[in-house]
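K.L.:
Below is one structure. I have some questions about it.
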Amino acid sequence: MRRVVVLLLLILPTFVGAQSYLWPTDASHYLTSSFGEFRTRHFHAGLDIKTWNTPGYKVYAIDNGYLWRIRTSNTGYGKVLYQKTSDGRIAVYAHLDRFADAVDEYVYKRQRETNSYATDFFPDKDQFPIKKGEVIAYTGNTGTRYPHLHFEIRSPENEPINPLSLGLTVQDQVPPSPQKLVVTPLTSKSTVNGNYFIQMPTLRKTGKHSYTTDPVTVAGEFGLELRAYDGVSAVYNKYSIYVAEVTWRDSTLFRFQYDQFSFSDSRLIMMERNYALEREGLGRFQRLYKTRHTENLPFYPPELTGRITLPAGEHTVNISLRDFYGNETNITVPVTIARSRTVSAKWAQGNDHLICTLVNADSSDVNHLNILAESGNTVSPDSVAITPESAKIFIPQEDEENHEYVLNFYEEAEPKPRAFPYTTSPDTVSTLPVFDWIYTPRGMIAQAGFGQPLYEQLQLELIHTNFDTTIHFITSDLVRWNTPPVSTDLLDGATIVISTPMRVLRIFPDNFVVAQNQRESVLSNRDGGAELHILSNSLYNPSLIWYEKRDAPNDAFYAPIWQFKPRTVPFEEPAQIRMKAPEVQFPKRQLGIYYSEDGEEWNYLPAEFAKDSTMLVGEILSLEAFTLRRDSLPPEIRIRTPASNGAQVAPSQGRLEFTVQDEHSGIPSSQSLQLLVDGEPVIFEFNPITKILTYRFRQPLSTGSHTVQLSASDAAGNHNKKSYTFTVQ
């Protein structure tokens, strides 16, 4: 039984360019998704209207016009109608269960002519005229999992417009709700709270619709990122934010407003949202600043960048979040601006002194340091020599028992000191570091961790044919160390060494490549077991890319596991993974490339054998763990309707439904399925998300016994066939 919904309409002021459009369905006046929300590699182009998880509600033409385009597909929008309205715009009604009868019969005729369920055509202008309020279809879930109506309004140029900006309304008195905030350093020399990584200050509620964060200290240019959602009255769905505005004093630093975009911009959502944070499990953060890729998105005023540079001192940056109906939430971010610089240390052994040179320091810094000896005592320097860019500190060595020293440098504005250690004993043994690289758009940050404090200055040496570069790590606790962001230009072609002044701790293996834009890069191992081909347009930003190889854990794997890193680098266009296929005693087609995010659950990657049948080649849009596995199991077929209760009885009108699923390689397309009813092939629908195959009777079946035969093949060539007999009474 359908749920009865009372529709509440708001009286709103006249919208610029608005028409008196009709709400497109009798299902509800509530949304499950809003305009501009994140979808995988694209912006959500319309509104998803709640149908209470039930198909079959009426879909109305929102205006006078005609059907401009009709499409049926097992994926994407499923069954979808495109209407040209009286003002030249395009209304889109998607995921439909069925069309109105006249349209449905016409589509079925074309499907029979082409012997294909998939259709896409543009009728003559006079073929399907429709009037405002006419029932043109019924809601469903074709092409998606849960029943709802996906509804769009596009400009005459076929660009999506927020339907709420054209006069369609929903009930809403609920303001947006912020969840987390991130402060991001935006240049290679910028720091937040004394480090080069992003910082996530605690967000606290201070009023009914107001929040604040812990204070942060910033040096250099920075930006803000926010994880937040909007809500509406009466339902618990979460939506994206319509308007966000960043201000300082009386100046607006950044603003977005989701009213319209172009499909050509849609993939830039990978840059507009922070892909790396989501991959790290921290949630979906929206950048409140422009990158070089997103500066022309239509959501942003062209003159505002959100890349914040403020004068030294204490400030308050404000964020205002608003929904379409003006419900507002405010966030204040206390920010202290420190000097932008990178201080490093160089140690040297004199005749009777240790000499520590602080590079990029000045005379005022001498008051902001202390020196601790191994004994735990504070050591006072004998003298200090100041130059314009350094401070040279002479440390006495009177106690021969002191072998280890730590110079702590700090600024008044920084919450943590930076530690620069040194040992006078060449026999000091430290554990080897656990080493990693962190991807950022500013460059790669080298990160090292030790099981015990390291009393030597850690450094990164980049050795080229004609020059060497040394980059110092920083640390606050002598256990966790990291460099500033390192340009991929410096890493390109370098031998990478992690060392101290006294010893080499580790040489980064040569199983890496520096992928630069406008250049194809290939990363492979010596035996050719796996190859990663990064094309010239695969990445948004350059990145160091490397692999780690692990042995196959059991007999279910037909190759080692190749873990490509970093997992957090976003892709603009596909790259290729190529894996060498071993000789096997079963059909080679059953071998496939599988990938995993966690090393536990393995997913099939569509791939094809190269011409010589030795390499499997697939396209990827993220760096994962890859291996080869076998799929020898055929698809599973089960009848859903009519229900199986010993004897299957069906009505003369209605539908047949089956579940067709494959645990490994999956059903590649509807062409891998065939349905015969009484020995004749029929046109059917298949939803690859729900795994449900549906055949709708086009005319009443005669009473008596009928047979159904369904066959299915998976991507590995495994085949299954099931026959059923049912009775019409």
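Residue numbers start at 1 in each chain; chains themselves are named A, B, ... in the order of the structure tokens; ligands are numbered from 1 in the order shown.
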What parts of segment 379-563 of chain A does DSSP call strand (DSSP E or B)? I'd like the answer as a PyMOL selection string.
P.N.:
chain A and resi 379+383-387+390-396+404-409+418-423+434-440+443-449+459-463+468-472+474-475+480-482+486+495-499+504-507+512-515+521-524+530-534+539+543-550+557+561-563
K.L.:
Give the answer as one residue: which of A:Leu693, A:Phe609, A:Tyr146, A:Leu623 has the shortest atom-to-atom distance to Arg640 of chain A, using only C-alpha atoms?
P.N.:
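Answer, going by the shortest atom-to-atom distance: A:Leu693.
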K.L.:
Mind pulling up the distance from atom CA of His664 of chain A to atom CA of Pro635 of chain A?
P.N.:
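Answer for the atom CA of Pro635 of chain A to atom CA of His664 of chain A separation: 9.0 Å.
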K.L.:
Near Thr568 of chain A, counting only C-alpha atoms, which residues have an atom at most 8 Å away, once you skip same-chain residues fewer than 5 positions from it, shown as a VMD selection string?
P.N.:
chain A and resid 275 to 277 279 to 280 439 623
K.L.:
Write out the residues from the selection above, keeping C-alpha atoms, as an mmCIF file, in the first residue's frame.
P.N.:
```
data_model
loop_
_atom_site.group_PDB
_atom_site.id
_atom_site.type_symbol
_atom_site.label_atom_id
_atom_site.label_comp_id
_atom_site.auth_asym_id
_atom_site.auth_seq_id
_atom_site.Cartn_x
_atom_site.Cartn_y
_atom_site.Cartn_z
ATOM 1 C CA TYR A 275 40.426 12.750 -2.783
ATOM 2 C CA ALA A 276 43.416 12.001 -0.545
ATOM 3 C CA LEU A 277 41.510 12.575 2.705
ATOM 4 C CA ARG A 279 41.143 7.557 0.622
ATOM 5 C CA GLU A 280 42.680 7.853 4.075
ATOM 6 C CA TYR A 439 51.514 12.649 -1.711
ATOM 7 C CA LEU A 623 46.484 2.860 -7.312
#
```
K.L.:
Rounded to one decimal place, report the atom CA of Pro215 of chain A-atom CA of Leu310 of chain A distance in Å.
P.N.:
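Separating atom CA of Pro215 of chain A from atom CA of Leu310 of chain A is a distance of 15.1 Å.
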K.L.:
Tell me, in Å to one decimal, how far atom CA of Leu226 of chain A is from atom CA of Gly443 of chain A.
P.N.:
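Interatomic distance here is 22.2 Å.
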K.L.:
What's the 10 Å shell around Pro123 of chain A, counting only C-alpha atoms, without same-chain residues fewer than 4 positions away, as a list in words?
P.N.:
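Residues meeting the cut-off are Tyr66, Leu67, Trp68, Arg69, Ile70, Gln127 and Phe128 of chain A.
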K.L.:
Taking into account only C-alpha atoms, which residue in the set A:Ser210, A:Thr336, A:Ser188, A:Ser383 is nearest to Leu321 of chain A?
P.N.:
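Closest candidate: A:Ser210.
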K.L.:
Which neighbours of segment 473-481 of chain A fall inside 7 Å, counting only C-alpha atoms, when residues of the same chain fewer than 2 positions from it are skipped, and could you give them as a count of residues only?
P.N.:
16
